[in-house]
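To keep things clear, I will list the structure first and then write my remarks on it.
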Number of protein chains: 2
Amino acid sequence: MSSAQIIFTFYLVAVTIGFLLLSLPIAHRPGVDLSIIDTLFVAVSAVSVTGLTPVSTPDTFSVPGYFILAFVFQIGGIGVMTLSTFIWLLIGKKIGLKERQLIMTDHNQSNLSGLVNLMRNILLIIFLIEAIGAIVLGLYFLNYYPTWQEAFLHGFFASVSATTNAGFDITGASLAPYATDYFVQTVTVILITLGAIGFPVLIEVKQFFWNLKEKRRFQFSLFTKLTTLMFLLLLVIGTVLISTLERSAYLSGKAWHEAFFYAFFQSATTRSGGLSTMDVSEFTIPTLLVMCALMFIGASPSSVGGGIRTTTFALNILFVYHYARGRKTVKIFRRELHEDDIIKSLVVTMLAAFICFSSVVILSLIESFSLIEIMFEVCSAFGTTGLSMGITSGLSTLGKLIIITLMFIGRIGMVSFILMMGGPRVQPDYHYPKERVIIG
Amino acid sequence: MSSAQIIFTFYLVAVTIGFLLLSLPIAHRPGVDLSIIDTLFVAVSAVSVTGLTPVSTPDTFSVPGYFILAFVFQIGGIGVMTLSTFIWLLIGKKIGLKERQLIMTDHNQSNLSGLVNLMRNILLIIFLIEAIGAIVLGLYFLNYYPTWQEAFLHGFFASVSATTNAGFDITGASLAPYATDYFVQTVTVILITLGAIGFPVLIEVKQFFWNLKEKRRFQFSLFTKLTTLMFLLLLVIGTVLISTLERSAYLSGKAWHEAFFYAFFQSATTRSGGLSTMDVSEFTIPTLLVMCALMFIGASPSSVGGGIRTTTFALNILFVYHYARGRKTVKIFRRELHEDDIIKSLVVTMLAAFICFSSVVILSLIESFSLIEIMFEVCSAFGTTGLSMGITSGLSTLGKLIIITLMFIGRIGMVSFILMMGGPRVQPDYHYPKERVIIG
Ligand SMILES: [K+]
Ligand SMILES: [K+]
């Protein structure tokens with residue numbers, strides 16, 4: 001099986017498991033009757049850690065249902081992330097990834113068991129992060145909820161939902177109850193970022209501290225530098241744009257720290273988190289368009305997020321800039337980018353834009369929502385972000401199937417999707433004369 | 001001067017001439033006071049043969065004004081087209097355009113005077129087309145208008161406006177008065193197509209018939225095959241999509257031939273014509289989105305049209321398809337495309353999408369129109385199409401300046417725009433180690 005097929009198969013198995021578990025009567029509140037399409041929707045949304053849902057989580061699912069959901073986030077979010085990183089490390093040698101090799105051989109982990117060992121360590125770190133998040137939020141939530149059971153249930157679910165970027169909530173209003181609680185928001189942003197920054201980055205940071213302890217020098221890979229820089233840039237740009245565009249709208253009359261946190265949290269959550277501290281449909285259209293673009297870009301590769309990915313976007317920008325300057329090679333961080341990666345990033349973006357555009361056209365034909373509501377829902381699904389202007393429950397069955405497909409494509413990644421659709425790789429060995437054409 | 005600078009300078013000179021001529025009192029109807037921004041808007045719209053206008057042409061301009069407008073279409077539409085083809089033929093040898101060379105040497109026109117001679121012949125053909133169009137439409141319009149002066153004025157203006165793809169009208173309602181007159185529409189579509197199909201194609205077709213007369217074989221260039229095929233494909237796809245999407249909306253209850261002509265004409269006009277046989281704001285959102293995409297793609301390179309161009313779009317599609325099939329080279333019509341052209345087409349599309357998206361965000365911030373109205377206006381300006389949902393006159397001065405800029409960029413073409421913005425072409429002669437990154 002090709003790597004794309006492995007990820008695809010894993011995803012389907014995870015959706016099947018999620019669907020079956022969420023169909024169990026014990027998962028539902030008494031008297032709730034969940035339709036098949038809605039169960040499938042929630043299962044895909046949970047496995048793809050998107051967070052869009054046609055039903056209210058606290059009104060539909062029981063406490064055992066919450067734990068089932070949290071379990072599905074883990075296999076969907078962390079499972080796919082681990083698997084794709086694993087495949088990436090395994091094929092690293094073949095495609096010449098010297099730095100990946102370094103990470104492995106440093107620990108004498110160039111064989112498979114060493115690799116498995118490394119991944120297990122990282123998984124333990126993730127679970128540790130989730131546990132710390134759950135305890136910190138649980139203790140803090142004693143201020144909000146009457147019993148410790150309730151506080152820790154909320155803490156556990158919020159921590160897992162944030163770290164896996166699932167974006168589901170059991171408050172019934174996402175993080176809006178904590179709209180002025182900067183502690184909860186800061187903890188959540190940290191958890192979201194640890195999930196969305198990408199597994200390879202976490203591995204390298206771990207290695208960096210390991211080397212530091214042993215007083216050895218560590219060289220971060222170009223990938224880690226690029227994706228982390230773009231991640232932070234998007235966070236800053238998003239915060240500035242939302243602050244500016246909403247200054248005389250949603251944020252007017254709010255204190256500077258309140259306005260800042262509304263803009264900052266809503267910017268951070270577009271990376272792929274999907275939790276929100278307000279009803280995003282209260283934003284104006286320019287802000288919503290900017291958020292659409294941010295969700296379309298999405299999170300880092302090999303993370304729990306979706307979209308075209310931060311590296312893809314970074315390569316697009318770098319290449320267009322260098323191209324306009326008349327340069328044939330792209331240099332950054334004292335390294336040169338590979339042409340194949342640049343072309344791949346352009347193709348991924350092009351195809352993603354086409355898929356999202358077509359989805360918007362079809363949805364605006366079959367649904368009766370406004371254009372911006374549909375565009376926002378499509379970008380949110382493709383970016384596996386999970387923010388919504390509130391139309392998810394009103395979609396027709398066909399509409400839900402389109403959103404389900406977008407969550408799927410967004411999560412497994414456009415590259416996997418292209419490779420999977422592309423059929424057999426045949427490289428014909430004949431050539432025709434080359435001929436130029438006029439462009440633009 | 002670089003070729004981009006030549007085209008840019010010519011464009012500015014043409015806008016200045018157009019602005020001055022349209023400012024003349026003799027150009028206006030008695031009592032009309034045209035503001036500076038509106039005069040500039042009409043001048044840019046006429047030079048870029050877009051056809052968007054904040055004022056009604058028949059209510060604002062006098063009969064001498066009509067002739068001034070028609071003159072500005074000529075220098076804007078045919079002038080820029082001739083100039084860019086001229087430059088393209090001149091640099092043809094340098095970039096290895098064997099087929100371009102062939103056309104020139106066949107007539108012993110490899111020197112500059114031969115080239116000028118060739119261009120003059122082609123210009124004569126265009127003027128001949130305009131004259132025939134004016135006479136045919138003028139005679140036919142005797143059915144519509146009481147005097148022959150009026151009929152031939154309408155015939156002349158309609159012919160020039162269609163052939164140069166200017167899209168201006170003196171009926172006050174575009175071609176809506178001829179909404180059920182299939183003769184006028186057919187003639188207009190032919191004239192629009194002759195202008196938008198591209199100058200190089202016209203040259204080759206002329207050469208084809210010349211060779212035919214002399215019983216010699218003629219090989220059409222890859223460029224001509226690609227752009228003509230894409231032109232026809234877009235026409236068919238547009239007609240089918242508009243027919244389908246509007247079947248139970250605007251076209252419901254209409255006879256099949258009436259429905260066909262509404263869909264066919266509105267599809268053809270998105271190439272860059274800009275005339276319409278109905279008020280496009282009566283279409284539903286899915287249709288308007290499809291038309292946005294068609295206008296964004298635009299016409300052929302070196303034509304009187306705008307947008308990213310048909311060849312750019314064709315190369316995008318061909319490359320994404322071949323890439324997904326795992327092939328490194330793109331073969332079509334027994335020829336291979338050049339990598340540089342493929343990359344150029346991807347960059348052009350990416351940058352164009354970014355410019356249009358940013359324009360939509362800014363316009364939706366400063367104007368109070370709906371999202372689809374703004375998207376439609378932006379795509380229409382960038383594609384120099386000139387269709388509008390009716391918001392042009394209501395735009396603020398800043399909004400008008402944005403649309404003016406889009407018409408400018410759309411007309412000179414993204415490649416010229418990139419080259420112009422890019423500054424000095426410096427190719428550094430040092431290299432860094434290459435490093436791969438994860439995409440998507
Ligand atoms: K999410
Ligand atoms: K036009």
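Chain labels A, B, ... are given in the sequence in which chains occur in the structure tokens; within each chain residues are numbered consecutively from 1, and ligands are likewise numbered from 1 in the order shown.
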8 Å shell around ligand 1 using only C-alpha atoms and all ligand atoms, listed as number ranges by chain:
A: 48-52, 164-168, 272-275, 305, 383-387
Can you spit out the residues from that selection as a compact mmCIF listing (two decimals), in the first residue's frame, using C-alpha atoms?
```txt
# COMPACT_ATOMS: atom_id res chain seq x y z
CA SER A 48 -11.07 14.79 11.40
CA VAL A 49 -10.99 16.91 14.60
CA THR A 50 -13.00 19.60 12.84
CA GLY A 51 -15.66 20.41 15.41
CA LEU A 52 -18.53 21.29 13.09
CA THR A 164 -6.36 17.61 19.59
CA ASN A 165 -7.83 20.77 17.99
CA ALA A 166 -11.18 18.96 17.97
CA GLY A 167 -13.08 22.15 18.73
CA PHE A 168 -16.07 20.37 20.29
CA SER A 272 -7.42 24.81 13.37
CA GLY A 273 -8.63 25.00 16.98
CA GLY A 274 -12.21 25.87 16.22
CA LEU A 275 -13.19 26.93 19.75
CA GLY A 305 -5.00 20.46 11.77
CA GLY A 383 -9.38 23.78 7.27
CA THR A 384 -10.89 21.30 9.78
CA THR A 385 -11.34 24.39 11.94
CA GLY A 386 -14.92 23.89 13.03
CA LEU A 387 -15.97 27.54 13.37
```
Find the residues around range 403-417 of chain B up to 8 Å (only C-alpha atoms counted), leave out those fewer than 2 positions away in its own chain, and share them as a VMD selection string.
(chain A and resid 439 to 440) or (chain B and resid 3 to 4 7 to 8 41 44 to 45 48 50 80 305 to 308 344 348 351 to 352 377 to 378 381 to 384 399 to 401 419 to 421)
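Going from CA of Leu40 in chain B over to CA of Leu12 in chain B, you cover 11.6 Å.
You can rank B:Leu21, B:Val304, B:Met389, B:Met230 by their closest distance to ligand 2 using only C-alpha atoms and all ligand atoms, and at the top of that list sits B:Val304.
Nearest to chain B of all the residues A:Thr349, A:Asn121, A:Thr9, A:Thr397 is A:Thr349, based on only C-alpha atoms.
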